[in-house]
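Content type PDB, C-alpha atoms and all ligand atoms, from the file target.pdb:
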```
MODEL        1
ATOM      1  CA  MET A   1     -22.726-115.880 -67.094
ATOM      2  CA  ARG A   2     -19.356-117.577 -67.505
ATOM      3  CA  SER A   3     -19.202-121.316 -67.913
ATOM      4  CA  THR A   4     -15.708-121.558 -66.464
ATOM      5  CA  ARG A   5     -14.287-119.959 -63.371
ATOM      6  CA  PRO A   6     -11.355-117.626 -63.742
ATOM      7  CA  THR A   7      -8.270-119.588 -62.660
ATOM      8  CA  ARG A   8      -6.092-116.549 -62.156
ATOM      9  CA  SER A   9      -5.884-115.684 -58.448
ATOM     10  CA  PHE A  10      -9.260-117.228 -57.743
ATOM     11  CA  ARG A  11      -9.951-117.315 -54.029
ATOM     12  CA  ALA A  12     -12.628-119.668 -52.817
ATOM     13  CA  ARG A  13     -14.920-118.157 -50.231
ATOM     14  CA  VAL A  14     -17.496-119.669 -47.962
ATOM     15  CA  SER A  15     -20.883-119.426 -49.618
ATOM     16  CA  LEU A  16     -23.693-117.537 -47.958
ATOM     17  CA  ALA A  17     -25.340-119.628 -45.263
ATOM     18  CA  ASP A  18     -29.104-120.128 -45.475
ATOM     19  CA  GLY A  19     -29.588-117.894 -42.446
ATOM     20  CA  GLN A  20     -27.573-115.082 -44.023
ATOM     21  CA  LEU A  21     -29.486-115.401 -47.266
ATOM     22  CA  ALA A  22     -32.820-115.306 -45.429
ATOM     23  CA  GLU A  23     -31.661-112.205 -43.544
ATOM     24  CA  LEU A  24     -30.716-110.451 -46.794
ATOM     25  CA  ARG A  25     -33.987-111.461 -48.473
ATOM     26  CA  GLU A  26     -35.933-110.031 -45.548
ATOM     27  CA  GLU A  27     -33.994-106.768 -45.823
ATOM     28  CA  LEU A  28     -34.585-106.582 -49.586
ATOM     29  CA  GLU A  29     -38.299-107.173 -49.140
ATOM     30  CA  ARG A  30     -38.438-104.523 -46.425
ATOM     31  CA  GLN A  31     -36.680-102.041 -48.718
ATOM     32  CA  LEU A  32     -38.987-102.958 -51.595
ATOM     33  CA  ALA A  33     -42.100-102.303 -49.498
ATOM     34  CA  ARG A  34     -40.695 -98.966 -48.311
ATOM     35  CA  LEU A  35     -39.752 -97.967 -51.844
ATOM     36  CA  GLU A  36     -43.208 -98.818 -53.184
ATOM     37  CA  ARG A  37     -44.827 -96.591 -50.567
ATOM     38  CA  SER A  38     -42.429 -93.783 -51.406
ATOM     39  CA  MET A  39     -43.073 -94.204 -55.146
ATOM     40  CA  ALA A  40     -46.808 -93.856 -54.646
ATOM     41  CA  ILE A  41     -46.187 -90.462 -53.007
ATOM     42  CA  THR A  42     -43.755 -89.388 -55.738
ATOM     43  CA  ASP A  43     -46.338 -90.360 -58.332
ATOM     44  CA  GLU A  44     -48.760 -87.874 -56.778
ATOM     45  CA  ALA A  45     -46.108 -85.152 -56.887
ATOM     46  CA  THR A  46     -45.360 -85.651 -60.589
ATOM     47  CA  LYS A  47     -48.956 -85.330 -61.741
ATOM     48  CA  PRO A  48     -49.539 -82.405 -64.130
ATOM     49  CA  VAL A  49     -49.522 -79.030 -62.402
ATOM     50  CA  GLU A  50     -52.976 -77.620 -61.947
ATOM     51  CA  LEU A  51     -53.016 -74.002 -62.923
ATOM     52  CA  ASP A  52     -56.410 -73.044 -61.636
ATOM     53  CA  GLN A  53     -56.553 -69.773 -59.696
ATOM     54  CA  ALA A  54     -56.496 -71.390 -56.264
ATOM     55  CA  ALA A  55     -53.358 -73.395 -56.982
ATOM     56  CA  VAL A  56     -51.540 -70.429 -58.530
ATOM     57  CA  GLY A  57     -52.480 -68.318 -55.551
ATOM     58  CA  ARG A  58     -50.868 -70.640 -53.034
ATOM     59  CA  LEU A  59     -47.803 -71.553 -55.016
ATOM     60  CA  SER A  60     -46.262 -69.620 -57.884
ATOM     61  CA  ARG A  61     -46.114 -71.399 -61.207
ATOM     62  CA  MET A  62     -42.306 -71.380 -61.050
ATOM     63  CA  ASP A  63     -42.191 -73.002 -57.592
ATOM     64  CA  SER A  64     -44.692 -75.539 -58.685
ATOM     65  CA  LEU A  65     -42.761 -76.528 -61.799
ATOM     66  CA  GLN A  66     -39.519 -76.588 -59.823
ATOM     67  CA  SER A  67     -40.820 -78.974 -57.212
ATOM     68  CA  GLN A  68     -42.319 -81.103 -59.944
ATOM     69  CA  GLY A  69     -38.907 -81.263 -61.596
ATOM     70  CA  MET A  70     -37.367 -82.426 -58.323
ATOM     71  CA  ALA A  71     -40.045 -85.062 -57.957
ATOM     72  CA  LYS A  72     -39.279 -86.284 -61.474
ATOM     73  CA  GLY A  73     -35.585 -86.650 -60.597
ATOM     74  CA  LEU A  74     -36.562 -88.539 -57.476
ATOM     75  CA  LYS A  75     -38.902 -90.723 -59.493
ATOM     76  CA  GLU A  76     -36.054 -91.672 -61.833
ATOM     77  CA  ARG A  77     -33.753 -92.545 -58.939
ATOM     78  CA  GLU A  78     -36.524 -94.608 -57.353
ATOM     79  CA  ALA A  79     -37.083 -96.491 -60.607
ATOM     80  CA  VAL A  80     -33.364 -97.365 -60.787
ATOM     81  CA  ARG A  81     -33.429 -98.517 -57.175
ATOM     82  CA  LEU A  82     -36.576-100.571 -57.755
ATOM     83  CA  ALA A  83     -34.915-102.342 -60.682
ATOM     84  CA  SER A  84     -31.846-103.204 -58.591
ATOM     85  CA  ILE A  85     -33.895-104.553 -55.662
ATOM     86  CA  VAL A  86     -36.174-106.581 -57.954
ATOM     87  CA  GLY A  87     -33.063-107.828 -59.789
ATOM     88  CA  ALA A  88     -31.460-108.947 -56.509
ATOM     89  CA  LEU A  89     -34.613-110.850 -55.490
ATOM     90  CA  ARG A  90     -34.694-112.509 -58.915
ATOM     91  CA  ARG A  91     -31.032-113.556 -58.610
ATOM     92  CA  MET A  92     -31.916-115.038 -55.206
ATOM     93  CA  ASP A  93     -34.733-117.056 -56.749
ATOM     94  CA  GLU A  94     -32.384-118.261 -59.466
ATOM     95  CA  GLY A  95     -29.612-119.140 -57.002
ATOM     96  CA  ARG A  96     -27.209-116.587 -58.482
ATOM     97  CA  TYR A  97     -27.403-114.119 -55.617
ATOM     98  CA  GLY A  98     -24.130-112.969 -54.052
ATOM     99  CA  ILE A  99     -22.080-113.760 -57.155
ATOM    100  CA  CYS A 100     -20.541-110.745 -58.877
ATOM    101  CA  THR A 101     -22.204-110.336 -62.295
ATOM    102  CA  SER A 102     -18.985-108.798 -63.596
ATOM    103  CA  CYS A 103     -16.122-111.080 -62.427
ATOM    104  CA  GLY A 104     -18.039-114.125 -61.137
ATOM    105  CA  LYS A 105     -16.489-114.055 -57.668
ATOM    106  CA  GLU A 106     -18.546-114.147 -54.493
ATOM    107  CA  ILE A 107     -19.543-110.802 -53.035
ATOM    108  CA  ALA A 108     -18.472-110.303 -49.401
ATOM    109  CA  PHE A 109     -21.316-110.726 -46.902
ATOM    110  CA  GLY A 110     -20.378-107.417 -45.275
ATOM    111  CA  ARG A 111     -20.988-105.606 -48.569
ATOM    112  CA  LEU A 112     -24.312-107.380 -49.054
ATOM    113  CA  LEU A 113     -25.368-106.373 -45.544
ATOM    114  CA  VAL A 114     -24.830-102.713 -46.421
ATOM    115  CA  PHE A 115     -25.978-102.972 -50.062
ATOM    116  CA  PRO A 116     -28.163-106.096 -50.285
ATOM    117  CA  GLU A 117     -29.086-105.142 -53.863
ATOM    118  CA  SER A 118     -25.410-105.309 -54.980
ATOM    119  CA  ALA A 119     -24.911-107.154 -58.257
ATOM    120  CA  THR A 120     -21.140-106.708 -58.204
ATOM    121  CA  CYS A 121     -18.278-107.107 -55.725
ATOM    122  CA  ALA A 122     -16.480-104.123 -54.200
ATOM    123  CA  ALA A 123     -13.616-104.413 -56.726
ATOM    124  CA  CYS A 124     -15.960-104.246 -59.740
ATOM    125  CA  GLY A 125     -18.092-101.476 -58.218
ATOM    126  CA  ASP A 126     -21.662-100.701 -59.196
TER
HETATM  127 ZN    ZN B   1     -16.491-108.498 -59.282
ENDMDL
END
```
Can you give me the file's structure in the form of C-alpha cells?
Amino acid sequence: MRSTRPTRSFRARVSLADGQLAELREELERQLARLERSMAITDEATKPVELDQAAVGRLSRMDSLQSQGMAKGLKEREAVRLASIVGALRRMDEGRYGICTSCGKEIAFGRLLVFPESATCAACGD
C-alpha cells in the first residue's frame, strides 16, 4: 500500500456509494456460496479412483483417471477463484475495496459489477 498518491495524471473519481458497495458485497457473497457448493462436488470427483471390479466394469480405468484429472484442474481453478472472492470481501472489511492494488487508483464501478472480485483496475489487468 502506497502512503502517497501518484501525482502524475491522477484523476479523482467518485468513491463507491454505500448502496453500490452493498450491492457488490451481496454479489460476492452469492458467488462465494455458489462456489462452495461447487467445490463440495469437485471434492467428491477428486477422491481416489476405486478400482474394484464393479467400478472398472462401468468405466474404464483410463476414462476414470481422465475425468479425475479434469476434476483436479477444476479444483485448482476453483481454489484460485475462492482466494480472489475471499480477498475482495476482506478488502471490503478493511475499507480498501475498489482501489487498484497495483496503481492505487479507483476501479471503475462498471468493472466491479462484472468482476466484483477485481483487485486491479482495467489498465493494470488481473
Ligand atoms: Zn491499476
Mind listing the residues within 9 Å of ligand ZN 1 (chain B), all atoms listed in the file counted, as an MDAnalysis selection string?
chainID A and resid 99:107 119:125
Translate the PyMOL selection byres (((chain A and resi 97) around 10) and not hetatm) into a concrete residue list for this structure, as a list in words.
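Taken on the displayed file, the PyMOL selection byres (((chain A and resi 97) around 10) and not hetatm) yields the residues Leu16, Leu21, Gly87, Ala88, Leu89, Arg90, Arg91, Met92, Asp93, Glu94, Gly95, Arg96, Gly98, Ile99, Cys100, Thr101, Glu106, Ile107, Leu112, Pro116, Glu117, Ser118 and Ala119 of chain A.
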May I ask for the distance between atom CA of A:Arg30 and atom CA of A:Arg77, given in Å to one decimal place?
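Separating atom CA of A:Arg30 from atom CA of A:Arg77 is a distance of 17.9 Å.
One distance worth recording is that between atom CA of A:Leu32 and atom CA of A:Leu82, which is 7.0 Å.
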Please enumerate the residues selected by the PyMOL selection byres (((chain A and resi 47) around 12) and not hetatm) when evaluated against the supplied file, formatted as a CSV table (one decimal) with C-alpha atoms, in the coordinates of the input.
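Below is the file that was written, selection.csv:
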```
chain,number,residue,atom,x,y,z
A,40,ALA,CA,-46.8,-93.9,-54.6
A,41,ILE,CA,-46.2,-90.5,-53.0
A,42,THR,CA,-43.8,-89.4,-55.7
A,43,ASP,CA,-46.3,-90.4,-58.3
A,44,GLU,CA,-48.8,-87.9,-56.8
A,45,ALA,CA,-46.1,-85.2,-56.9
A,46,THR,CA,-45.4,-85.7,-60.6
A,48,PRO,CA,-49.5,-82.4,-64.1
A,49,VAL,CA,-49.5,-79.0,-62.4
A,50,GLU,CA,-53.0,-77.6,-61.9
A,64,SER,CA,-44.7,-75.5,-58.7
A,65,LEU,CA,-42.8,-76.5,-61.8
A,67,SER,CA,-40.8,-79.0,-57.2
A,68,GLN,CA,-42.3,-81.1,-59.9
A,69,GLY,CA,-38.9,-81.3,-61.6
A,71,ALA,CA,-40.0,-85.1,-58.0
A,72,LYS,CA,-39.3,-86.3,-61.5
A,75,LYS,CA,-38.9,-90.7,-59.5
```
Which value, in Å to one decimal, gives the distance between atom CA of A:Glu27 and atom CA of A:Glu78?
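Separating atom CA of A:Glu27 from atom CA of A:Glu78 is a distance of 16.9 Å.
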Would you please work out which residue, of A:Ala108, A:Leu113, A:Glu26, A:Leu35, is nearest to A:Ala79 when using only C-alpha atoms?
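That would be A:Leu35, the residue with the smallest distance to A:Ala79.
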Give, as AutoDock Vina command-line options, the centre coordinates and the x, y and z edge lengths in Å to one decimal for an axis-aligned box around all listed atoms of stretch 78-82 of chain A, padded by 8 Å on each side.
```
--center_x -35.2 --center_y -97.6 --center_z -59.0 --size_x 19.7 --size_y 22.0 --size_z 19.6
```
